[in-house]
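Below: my_file_17.cif (mmCIF, C-alpha atoms and all ligand atoms)
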```
data_input
#
loop_
_atom_site.label_atom_id
_atom_site.label_comp_id
_atom_site.auth_asym_id
_atom_site.auth_seq_id
_atom_site.Cartn_x
_atom_site.Cartn_y
_atom_site.Cartn_z
CA MET A 1 0.00 0.00 0.00
CA LEU A 2 0.94 3.64 -0.37
CA HIS A 3 3.97 3.12 -2.55
CA ILE A 4 5.10 6.69 -2.64
CA HIS A 5 8.70 7.35 -3.44
CA HIS A 6 9.54 10.70 -2.01
CA SER A 7 12.80 11.25 -0.26
CA THR A 8 12.69 11.55 3.49
CA GLN A 9 11.44 14.93 4.49
CA ASP A 10 10.25 16.78 7.48
CA VAL A 11 6.71 16.00 8.43
CA LYS A 12 4.97 18.02 11.10
CA VAL A 13 1.71 17.35 12.88
CA HIS A 14 -0.10 19.88 15.04
CA SER A 15 -3.03 19.15 17.30
CA LEU A 16 -5.34 22.17 17.13
CA ALA A 17 -8.21 20.68 19.14
CA SER A 18 -9.36 17.19 20.06
CA GLY A 19 -12.62 16.26 21.78
CA SER A 20 -16.37 16.53 21.51
CA SER A 21 -16.19 20.34 21.40
CA GLY A 22 -14.11 20.26 18.23
CA ASN A 23 -11.44 18.34 16.33
CA ALA A 24 -8.73 19.49 13.92
CA MET A 25 -5.19 18.32 13.19
CA LEU A 26 -2.78 19.91 10.71
CA VAL A 27 -0.30 17.67 8.88
CA GLN A 28 2.51 19.32 6.90
CA ALA A 29 5.02 17.82 4.47
CA GLY A 30 6.95 20.24 2.29
CA ASP A 31 4.39 22.65 0.86
CA THR A 32 1.51 20.24 1.42
CA ASN A 33 -0.86 21.24 4.24
CA LEU A 34 -3.58 18.76 5.12
CA LEU A 35 -6.27 19.42 7.66
CA ILE A 36 -7.83 16.34 9.26
CA ASP A 37 -11.32 17.30 10.42
CA ALA A 38 -12.58 20.86 10.67
CA GLY A 39 -14.69 20.82 13.81
CA LEU A 40 -13.90 24.34 15.02
CA SER A 41 -15.50 27.60 13.93
CA LEU A 42 -13.96 29.19 10.87
CA LYS A 43 -12.72 32.08 12.99
CA VAL A 44 -11.00 29.91 15.60
CA LEU A 45 -9.56 27.51 13.04
CA SER A 46 -8.21 30.38 10.93
CA SER A 47 -6.56 32.01 13.91
CA HIS A 48 -4.88 28.73 14.94
CA LEU A 49 -3.53 28.29 11.42
CA THR A 50 -2.31 31.88 11.28
CA ARG A 51 -0.39 31.38 14.53
CA LEU A 52 1.33 28.42 12.88
CA SER A 53 2.23 30.67 9.93
CA VAL A 54 -0.10 28.69 7.69
CA PRO A 55 -2.35 31.10 5.81
CA SER A 56 -5.91 29.82 6.10
CA THR A 57 -6.01 29.87 2.29
CA SER A 58 -3.08 27.49 1.82
CA LEU A 59 -4.60 24.14 2.70
CA SER A 60 -4.15 21.43 0.08
CA ALA A 61 -7.17 19.40 1.19
CA ILE A 62 -9.46 18.77 4.13
CA LEU A 63 -9.99 15.16 5.22
CA LEU A 64 -13.22 14.33 6.98
CA THR A 65 -13.50 11.26 9.22
CA HIS A 66 -17.29 11.49 9.66
CA GLU A 67 -20.13 13.98 9.56
CA HIS A 68 -20.55 14.65 13.30
CA THR A 69 -20.46 18.38 13.94
CA ASP A 70 -17.42 18.25 16.24
CA HIS A 71 -15.43 17.11 13.19
CA SER A 72 -17.13 18.90 10.31
CA ILE A 73 -18.58 22.26 11.25
CA SER A 74 -16.18 24.34 9.08
CA ALA A 75 -15.34 21.68 6.50
CA GLY A 76 -17.35 23.26 3.68
CA SER A 77 -16.23 26.81 4.39
CA MET A 78 -12.57 25.76 4.70
CA SER A 79 -12.88 23.92 1.40
CA ARG A 80 -14.32 27.02 -0.30
CA ARG A 81 -11.84 29.41 1.26
CA ASN A 82 -8.87 27.25 0.19
CA LYS A 83 -10.29 26.12 -3.16
CA ALA A 84 -9.26 22.71 -1.88
CA PRO A 85 -11.26 19.49 -1.92
CA LEU A 86 -13.08 18.01 1.00
CA ILE A 87 -12.03 14.36 0.99
CA ALA A 88 -14.33 11.68 2.42
CA ASN A 89 -16.29 8.63 1.34
CA ALA A 90 -19.57 9.11 -0.55
CA ALA A 91 -21.82 8.37 2.43
CA THR A 92 -20.08 10.93 4.62
CA LEU A 93 -20.03 13.55 1.83
CA ASN A 94 -23.77 13.01 1.29
CA ALA A 95 -24.57 13.27 4.98
CA TYR A 96 -22.49 16.42 5.31
CA GLN A 97 -23.86 18.03 2.14
CA GLN A 98 -27.37 17.78 3.53
CA ARG A 99 -26.38 20.26 6.23
CA GLU A 100 -24.15 22.54 4.16
CA GLU A 101 -26.04 24.87 1.82
CA LEU A 102 -23.22 26.34 -0.23
CA PRO A 103 -21.29 24.25 -2.74
CA PHE A 104 -17.74 23.08 -2.19
CA GLU A 105 -15.25 20.92 -4.02
CA THR A 106 -15.24 17.25 -3.09
CA LEU A 107 -12.99 14.30 -3.72
CA GLU A 108 -14.61 10.97 -3.04
CA LEU A 109 -12.33 8.45 -1.39
CA PRO A 110 -14.02 5.07 -1.05
CA THR A 111 -13.27 3.56 2.35
CA GLY A 112 -10.13 1.44 2.15
CA SER A 113 -8.72 3.14 -0.94
CA GLU A 114 -5.82 5.53 -1.43
CA THR A 115 -5.04 8.87 -2.95
CA LEU A 116 -2.14 11.27 -3.10
CA VAL A 117 -2.39 14.95 -2.20
CA GLY A 118 0.82 16.81 -2.87
CA ARG A 119 3.49 14.94 -0.96
CA ILE A 120 1.17 12.99 1.30
CA GLY A 121 -0.31 9.57 0.54
CA ILE A 122 -3.67 8.98 2.18
CA ARG A 123 -5.52 5.75 2.88
CA SER A 124 -8.75 5.46 4.84
CA PHE A 125 -9.93 2.50 6.88
CA PRO A 126 -13.32 1.74 8.45
CA VAL A 127 -13.90 2.57 12.09
CA PRO A 128 -16.94 1.42 14.11
CA HIS A 129 -18.82 4.53 15.27
CA ASP A 130 -22.39 5.79 15.17
CA ALA A 131 -22.12 7.95 12.05
CA VAL A 132 -22.94 6.89 8.47
CA GLU A 133 -19.50 5.56 7.50
CA THR A 134 -16.74 6.67 9.86
CA VAL A 135 -13.10 6.23 8.85
CA GLY A 136 -9.63 6.73 10.23
CA TYR A 137 -6.72 7.83 8.05
CA ILE A 138 -3.19 6.55 7.48
CA LEU A 139 -0.90 9.21 6.05
CA GLN A 140 2.48 8.53 4.50
CA ALA A 141 5.13 11.03 3.42
CA GLY A 142 8.51 9.62 2.52
CA ASN A 143 9.17 6.98 5.14
CA VAL A 144 7.04 8.70 7.77
CA ARG A 145 3.72 7.15 8.63
CA ILE A 146 0.98 8.57 10.83
CA VAL A 147 -2.40 7.17 11.83
CA TYR A 148 -5.41 9.20 12.95
CA CYS A 149 -7.97 7.05 14.69
CA THR A 150 -10.61 8.72 16.85
CA ASP A 151 -14.33 8.16 17.38
CA VAL A 152 -13.78 4.43 17.42
CA GLY A 153 -16.23 2.36 19.42
CA SER A 154 -14.16 -0.81 19.49
CA VAL A 155 -10.92 -2.27 18.23
CA THR A 156 -11.47 -4.15 14.96
CA PRO A 157 -8.87 -5.94 12.83
CA GLU A 158 -8.74 -2.85 10.58
CA VAL A 159 -8.13 -0.57 13.54
CA ARG A 160 -5.42 -2.90 14.83
CA ALA A 161 -3.75 -3.09 11.41
CA SER A 162 -3.81 0.69 10.99
CA LEU A 163 -1.17 1.11 13.69
CA GLU A 164 1.36 -1.11 11.93
CA GLY A 165 4.62 0.65 11.20
CA VAL A 166 3.48 4.10 12.29
CA ASN A 167 5.82 6.71 13.74
CA LEU A 168 2.97 8.67 15.29
CA ALA A 169 -0.34 7.14 16.38
CA ILE A 170 -3.16 9.52 17.23
CA VAL A 171 -5.66 7.30 19.02
CA GLU A 172 -8.85 7.99 20.91
CA SER A 173 -8.72 7.60 24.70
CA ASN A 174 -12.18 8.90 25.42
CA HIS A 175 -13.14 7.81 28.92
CA GLY A 176 -12.24 5.81 31.97
CA LEU A 177 -14.70 2.92 32.07
CA ASP A 178 -15.22 3.27 35.79
CA ARG A 179 -15.54 7.05 35.61
CA LEU A 180 -18.12 6.77 32.83
CA MET A 181 -20.21 4.23 34.71
CA ARG A 182 -20.14 6.16 38.01
CA GLY A 183 -20.47 9.56 36.34
CA PRO A 184 -23.40 11.90 35.68
CA TYR A 185 -24.40 10.68 32.19
CA THR A 186 -27.85 9.17 31.79
CA GLU A 187 -27.98 5.41 31.36
CA GLU A 188 -28.77 5.96 27.70
CA MET A 189 -25.71 8.18 27.18
CA LYS A 190 -23.48 5.75 29.07
CA ALA A 191 -24.66 2.92 26.86
CA ARG A 192 -24.05 4.97 23.71
CA VAL A 193 -20.49 5.95 24.69
CA ALA A 194 -19.57 2.43 25.86
CA SER A 195 -21.14 0.62 22.89
CA PRO A 196 -19.00 -0.98 20.17
CA HIS A 197 -20.06 1.99 17.99
CA GLY A 198 -19.40 4.68 20.57
CA HIS A 199 -16.01 5.85 21.85
CA LEU A 200 -12.81 4.07 22.87
CA SER A 201 -12.03 3.76 26.60
CA ASN A 202 -8.62 4.41 28.15
CA GLU A 203 -8.46 0.68 28.87
CA ASP A 204 -9.09 -0.43 25.28
CA CYS A 205 -6.74 2.25 23.98
CA GLY A 206 -3.99 1.06 26.34
CA ASP A 207 -4.43 -2.57 25.29
CA LEU A 208 -4.35 -1.62 21.60
CA ILE A 209 -1.11 0.33 22.02
CA ALA A 210 0.49 -2.35 24.21
CA GLU A 211 -0.21 -4.96 21.58
CA ARG A 212 1.28 -2.82 18.81
CA LEU A 213 4.39 -2.06 20.88
CA GLU A 214 4.90 -5.76 21.61
CA GLU A 215 4.75 -6.55 17.93
CA GLY A 216 6.28 -3.52 16.30
CA GLY A 217 8.57 -1.40 18.46
CA ALA A 218 8.73 2.20 19.53
CA MET A 219 6.42 4.98 18.45
CA THR A 220 4.93 8.23 19.68
CA VAL A 221 1.29 8.12 20.76
CA TRP A 222 -1.09 11.01 21.17
CA LEU A 223 -4.13 10.23 23.26
CA ALA A 224 -7.04 12.03 21.62
CA HIS A 225 -10.74 12.91 21.93
CA LEU A 226 -10.74 12.81 25.75
CA SER A 227 -14.12 13.32 27.39
CA ARG A 228 -14.33 16.40 29.58
CA VAL A 229 -16.74 14.69 31.97
CA ASN A 230 -15.55 11.08 31.98
CA ASN A 231 -11.78 11.53 31.73
CA SER A 232 -8.87 13.83 32.43
CA PRO A 233 -5.41 14.05 30.89
CA ALA A 234 -3.89 12.63 34.08
CA LEU A 235 -6.36 9.74 34.28
CA ALA A 236 -5.96 8.88 30.60
CA ARG A 237 -2.17 8.90 30.81
CA ARG A 238 -2.11 6.85 34.03
CA SER A 239 -4.61 4.33 32.79
CA VAL A 240 -3.04 3.84 29.35
CA MET A 241 0.50 3.63 30.79
CA GLY A 242 -0.75 1.09 33.32
CA ARG A 243 -2.16 -1.15 30.59
CA ILE A 244 1.03 -0.81 28.56
CA SER A 245 3.52 -1.47 31.36
CA ALA A 246 1.55 -4.54 32.43
CA ARG A 247 2.42 -6.09 29.07
CA THR A 248 5.61 -4.69 27.62
CA ASN A 249 8.81 -2.76 28.32
CA VAL A 250 9.05 -1.33 24.79
CA PRO A 251 9.41 2.43 25.26
CA VAL A 252 6.58 4.67 24.16
CA LYS A 253 6.31 8.42 24.12
CA LEU A 254 2.84 9.26 25.29
CA GLU A 255 1.25 12.71 25.03
CA VAL A 256 -2.27 13.98 25.55
CA ALA A 257 -3.93 16.16 22.91
CA LEU A 258 -5.94 18.75 24.80
CA ARG A 259 -9.57 19.41 24.06
CA ASP A 260 -9.98 23.05 23.35
CA HIS A 261 -6.72 24.59 22.24
CA PRO A 262 -3.59 23.77 20.25
CA SER A 263 -1.48 21.53 22.43
CA LEU A 264 1.04 19.30 20.64
CA THR A 265 3.49 19.36 17.77
CA TRP A 266 5.29 16.32 16.38
CA LYS A 267 8.14 16.55 13.92
CA SER A 268 9.62 13.61 12.06
CA GLY A 269 13.30 12.81 12.21
CA THR A 270 13.75 14.13 15.70
CA GLN A 271 12.26 11.22 17.58
CA ALA A 272 11.77 12.93 20.89
CA PHE A 273 10.98 16.45 19.73
CA GLN A 274 7.67 17.54 21.04
CA GLN A 275 6.49 20.69 22.68
CA SER A 276 3.51 22.72 23.55
CA LEU A 277 2.55 25.10 20.80
CA PHE A 278 1.59 28.11 22.86
ZN ZN A 301 -16.08 13.25 17.83
ZN ZN A 302 -18.34 11.14 16.26
#
```
What do you get writing this file as C-alpha cells?
Ligand SMILES: [Zn+2]
Ligand SMILES: [Zn+2]
Amino acid sequence: MLHIHHSTQDVKVHSLASGSSGNAMLVQAGDTNLLIDAGLSLKVLSSHLTRLSVPSTSLSAILLTHEHTDHSISAGSMSRRNKAPLIANAATLNAYQQREELPFETLELPTGSETLVGRIGIRSFPVPHDAVETVGYILQAGNVRIVYCTDVGSVTPEVRASLEGVNLAIVESNHGLDRLMRGPYTEEMKARVASPHGHLSNEDCGDLIAERLEEGGAMTVWLAHLSRVNNSPALARRSVMGRISARTNVPVKLEVALRDHPSLTWKSGTQAFQQSLF
C-alpha cells in the first residue's frame, strides 16, 4: 500500500483541538498542508492556522473522518476558502452536504482506498462509530507514517492493522470505564459511549497500544478525543500507561492532545521532539 517514493522529508503534525467540542489536526510535508477534520469555527480555526504561519487559504485538502459536527462544522467553508477538496467517502459527503447549503469541491475516497495529495499519501480504513461511514486515516510522506484514529467504538482488525509501522499514532482515549459508569451521564448516554459503535475507553486504547508495541517497536502516541466529563489528561495517561507497562517494556512516548486549544506538535526525524505550541 501507499507506494510513494519521495525522499525523506520533514513532516509536522499539530493538534489544534481534540474532543467533543471540536477536532482538527494539521499535517505538513513540504508545501503540502492537510487538515484532518474541521470541527472548530472558521474564525478559531483560521486564527490557529495563522499562529502556525499557515495562511488559512493554503490548505491542500481537508480530510473528513465522519459527519458529526465536532469534526465537520467548518469543513465546507474551509474547502471554499482554500479552493481545496473536502475528501471523504460518498456516504459521509452526502450526509455532510445535507447540512451545508453552499457548494464546495469534493474528492470521493471510497473507504479502504488511497489517494495522493501533494506529498502525502492517504488511505482510509473503516472505524466502528455511530455515524454513516466513519473512517480513520493513514498518512504517508517519505518513510514517515501517521495514523489518525478517533471516534472508534471498538478495536477491529482494521483498527489494529492501521497502527502497523506508524511513527505517530493519534488514538482515541475517550473515557475511563469506571468514571463513565459512576459519572453523571444518563444510562442511555453511558450505553451509547460504551457501545462498540461509541467511543474508545482508556483501557481499550492502552491494550491496543500495548499490543502494537509488543509486535512492532517504539512509536509516539497522542491520546485524543478525551471526554471532559468522563476523563482527564492525568487519568488517561495513568490508565493507558498502566495497561502498557503490564504487558511490555518497549518504550513509548505518550502525550495527551488537549480538548480546546492547540497543544502538541510532532516533527519527524527528531524522535523525541515535542512541545507545547503556545
Ligand atoms: Zn467526535
Ligand atoms: Zn463522532
Mind checking which residues fall within 7 Å of range 63-76 of chain A, counting only C-alpha atoms, ignoring those fewer than 3 positions away in the same chain, and posting them as an MDAnalysis selection string? chainID A and resid 20:23 35:42 79:80 86:88 92 95:96 100 104 131 133:136
Do you know which residues lie at most 8 Å from (-2.8, 14.2, 23.0), with coordinates as in the file and all atoms listed in the file counted, and could you write them as a list in words?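 The distance filter leaves exactly Ser15, Ser18, Ile170, Val221, Trp222, Leu223, Ala224, Leu254, Glu255, Val256, Ala257, Leu258, Ser263 and Leu264 of chain A.
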Using all atoms listed in the file, which residue out of A:Thr57, A:Glu164, A:Val144, A:Leu102 lies closest to Lys83 in chain A?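 Between A:Thr57, A:Glu164, A:Val144, A:Leu102, the residue approaching Lys83 in chain A most closely is A:Thr57.
The shortest atom-to-atom distance to ligand ZN 301 (chain A), with all atoms listed in the file taken into account, belongs to A:Ala17 out of A:Ser58, A:Gln98, A:Val240, A:Ala17.
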Could you list as a ChimeraX atom specification every residue that has an atom within 6 Å of (-6.4, 5.8, 0.2), using the file's coordinates and counting all atoms listed in the file? /A:113-115,122-124
Deliver the residues from the most recent selection as a file, using C-alpha atoms, as a JSON list (two decimals), in the frame of the given file.
```json
[["chain", "number", "residue", "atom", "x", "y", "z"],
["A", 113, "SER", "CA", -8.72, 3.14, -0.94],
["A", 114, "GLU", "CA", -5.82, 5.53, -1.43],
["A", 115, "THR", "CA", -5.04, 8.87, -2.95],
["A", 122, "ILE", "CA", -3.67, 8.98, 2.18],
["A", 123, "ARG", "CA", -5.52, 5.75, 2.88],
["A", 124, "SER", "CA", -8.75, 5.46, 4.84]]
```
Which of A:Arg160, A:His225, A:Arg145, A:His14 sits closest to ligand ZN 302 (chain A) [using all atoms listed in the file]: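 Closest candidate: A:His225.
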10 Å contact set for Ile146 in chain A, all atoms listed in the file, chain neighbours under 4 positions out, as a list in words: Val11, Val13, Val27, Ile122, Tyr137, Ile138, Leu139, Gln140, Ala141, Ser162, Leu163, Glu164, Gly165, Val166, Asn167, Leu168, Ala169, Ile170, Thr220 and Val221 of chain A
Here is a test: counting all atoms listed in the file, which residue of A:Ala246, A:Leu59, A:Cys149, A:Leu109 is nearest to Glu211 in chain A?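 Checking each candidate against Glu211 in chain A, we get A:Ala246 as the closest.
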From the list A:Pro110, A:Gly142, A:Gly118, A:Gly153, the nearest residue to ligand ZN 301 (chain A) using all atoms listed in the file is A:Gly153
Using all atoms listed in the file, which of A:Arg237, A:Lys253, A:Arg228, A:His197 sits nearest ligand ZN 302 (chain A)?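 Among the listed residues, the smallest separation from ligand ZN 302 (chain A) belongs to A:His197.
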Coordinates-based distance that separates CA of Gly206 in chain A from CA of Arg243 in chain A (Å, one decimal):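 Pair CA of Arg243 in chain A / CA of Gly206 in chain A returns 5.1 Å.
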Need to verify the contact set: Pro184 in chain A, 9 Å, all atoms listed in the file, exclusion of same-chain residues closer than 2 positions in sequence. Can you return it as a ChimeraX atom specification? /A:180-182,186,229-230
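Relative to CA of Ser47 in chain A, CA of Thr265 in chain A is found at 16.6 Å.
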Could you please determine the separation between CA of Val147 in chain A and CA of Pro251 in chain A in Å, to one decimal place?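 Answer for the CA of Val147 in chain A to CA of Pro251 in chain A separation: 18.5 Å.
Excluding Ala84 in chain A and any residue on its chain fewer than 2 positions from it, the residues at most 6 Å away by only C-alpha atoms are A:Ser60, A:Ala61, A:Ser79, A:Asn82.
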Expected file for range 76-102 of chain A keeping N, CA and C atoms, as a compact mmCIF listing (two decimals), in the first residue's frame:
```
# COMPACT_ATOMS: atom_id res chain seq x y z
N GLY A 76 -16.94 22.66 4.95
CA GLY A 76 -17.35 23.26 3.68
C GLY A 76 -16.73 24.64 3.49
N SER A 77 -16.78 25.46 4.53
CA SER A 77 -16.23 26.81 4.39
C SER A 77 -14.71 26.78 4.23
N MET A 78 -14.03 25.87 4.90
CA MET A 78 -12.57 25.76 4.70
C MET A 78 -12.26 25.30 3.27
N SER A 79 -13.07 24.39 2.76
CA SER A 79 -12.88 23.92 1.40
C SER A 79 -13.04 25.08 0.41
N ARG A 80 -14.09 25.87 0.59
CA ARG A 80 -14.32 27.02 -0.30
C ARG A 80 -13.20 28.05 -0.18
N ARG A 81 -12.85 28.38 1.04
CA ARG A 81 -11.84 29.41 1.26
C ARG A 81 -10.49 29.01 0.64
N ASN A 82 -10.16 27.72 0.69
CA ASN A 82 -8.87 27.25 0.19
C ASN A 82 -8.91 26.77 -1.25
N LYS A 83 -10.13 26.74 -1.83
CA LYS A 83 -10.29 26.12 -3.16
C LYS A 83 -9.63 24.75 -3.15
N ALA A 84 -9.87 24.03 -2.09
CA ALA A 84 -9.26 22.71 -1.88
C ALA A 84 -10.37 21.70 -1.63
N PRO A 85 -10.17 20.46 -2.05
CA PRO A 85 -11.26 19.49 -1.92
C PRO A 85 -11.48 19.02 -0.49
N LEU A 86 -12.74 18.73 -0.22
CA LEU A 86 -13.08 18.01 1.00
C LEU A 86 -13.08 16.53 0.64
N ILE A 87 -12.21 15.78 1.31
CA ILE A 87 -12.03 14.36 0.99
C ILE A 87 -12.76 13.51 2.03
N ALA A 88 -13.62 12.62 1.54
CA ALA A 88 -14.33 11.68 2.42
C ALA A 88 -14.98 10.63 1.53
N ASN A 89 -15.55 9.60 2.15
CA ASN A 89 -16.29 8.63 1.34
C ASN A 89 -17.66 9.21 0.95
N ALA A 90 -18.33 8.57 0.02
CA ALA A 90 -19.57 9.11 -0.55
C ALA A 90 -20.65 9.27 0.52
N ALA A 91 -20.77 8.30 1.41
CA ALA A 91 -21.82 8.37 2.43
C ALA A 91 -21.61 9.57 3.34
N THR A 92 -20.38 9.80 3.73
CA THR A 92 -20.08 10.93 4.62
C THR A 92 -20.28 12.25 3.88
N LEU A 93 -19.83 12.32 2.62
CA LEU A 93 -20.03 13.55 1.83
C LEU A 93 -21.52 13.84 1.70
N ASN A 94 -22.31 12.82 1.41
CA ASN A 94 -23.77 13.01 1.29
C ASN A 94 -24.37 13.52 2.59
N ALA A 95 -24.01 12.87 3.68
CA ALA A 95 -24.57 13.27 4.98
C ALA A 95 -24.18 14.70 5.31
N TYR A 96 -22.95 15.05 5.01
CA TYR A 96 -22.49 16.42 5.31
C TYR A 96 -23.15 17.44 4.38
N GLN A 97 -23.28 17.09 3.10
CA GLN A 97 -23.86 18.03 2.14
C GLN A 97 -25.30 18.38 2.47
N GLN A 98 -25.99 17.48 3.15
CA GLN A 98 -27.37 17.78 3.53
C GLN A 98 -27.46 18.93 4.52
N ARG A 99 -26.39 19.17 5.25
CA ARG A 99 -26.38 20.26 6.23
C ARG A 99 -25.77 21.54 5.67
N GLU A 100 -24.94 21.41 4.65
CA GLU A 100 -24.15 22.54 4.16
C GLU A 100 -24.81 23.08 2.90
N GLU A 101 -25.28 24.34 2.95
CA GLU A 101 -26.04 24.87 1.82
C GLU A 101 -25.17 25.22 0.62
N LEU A 102 -24.03 25.84 0.88
CA LEU A 102 -23.22 26.34 -0.23
C LEU A 102 -22.37 25.21 -0.82
```
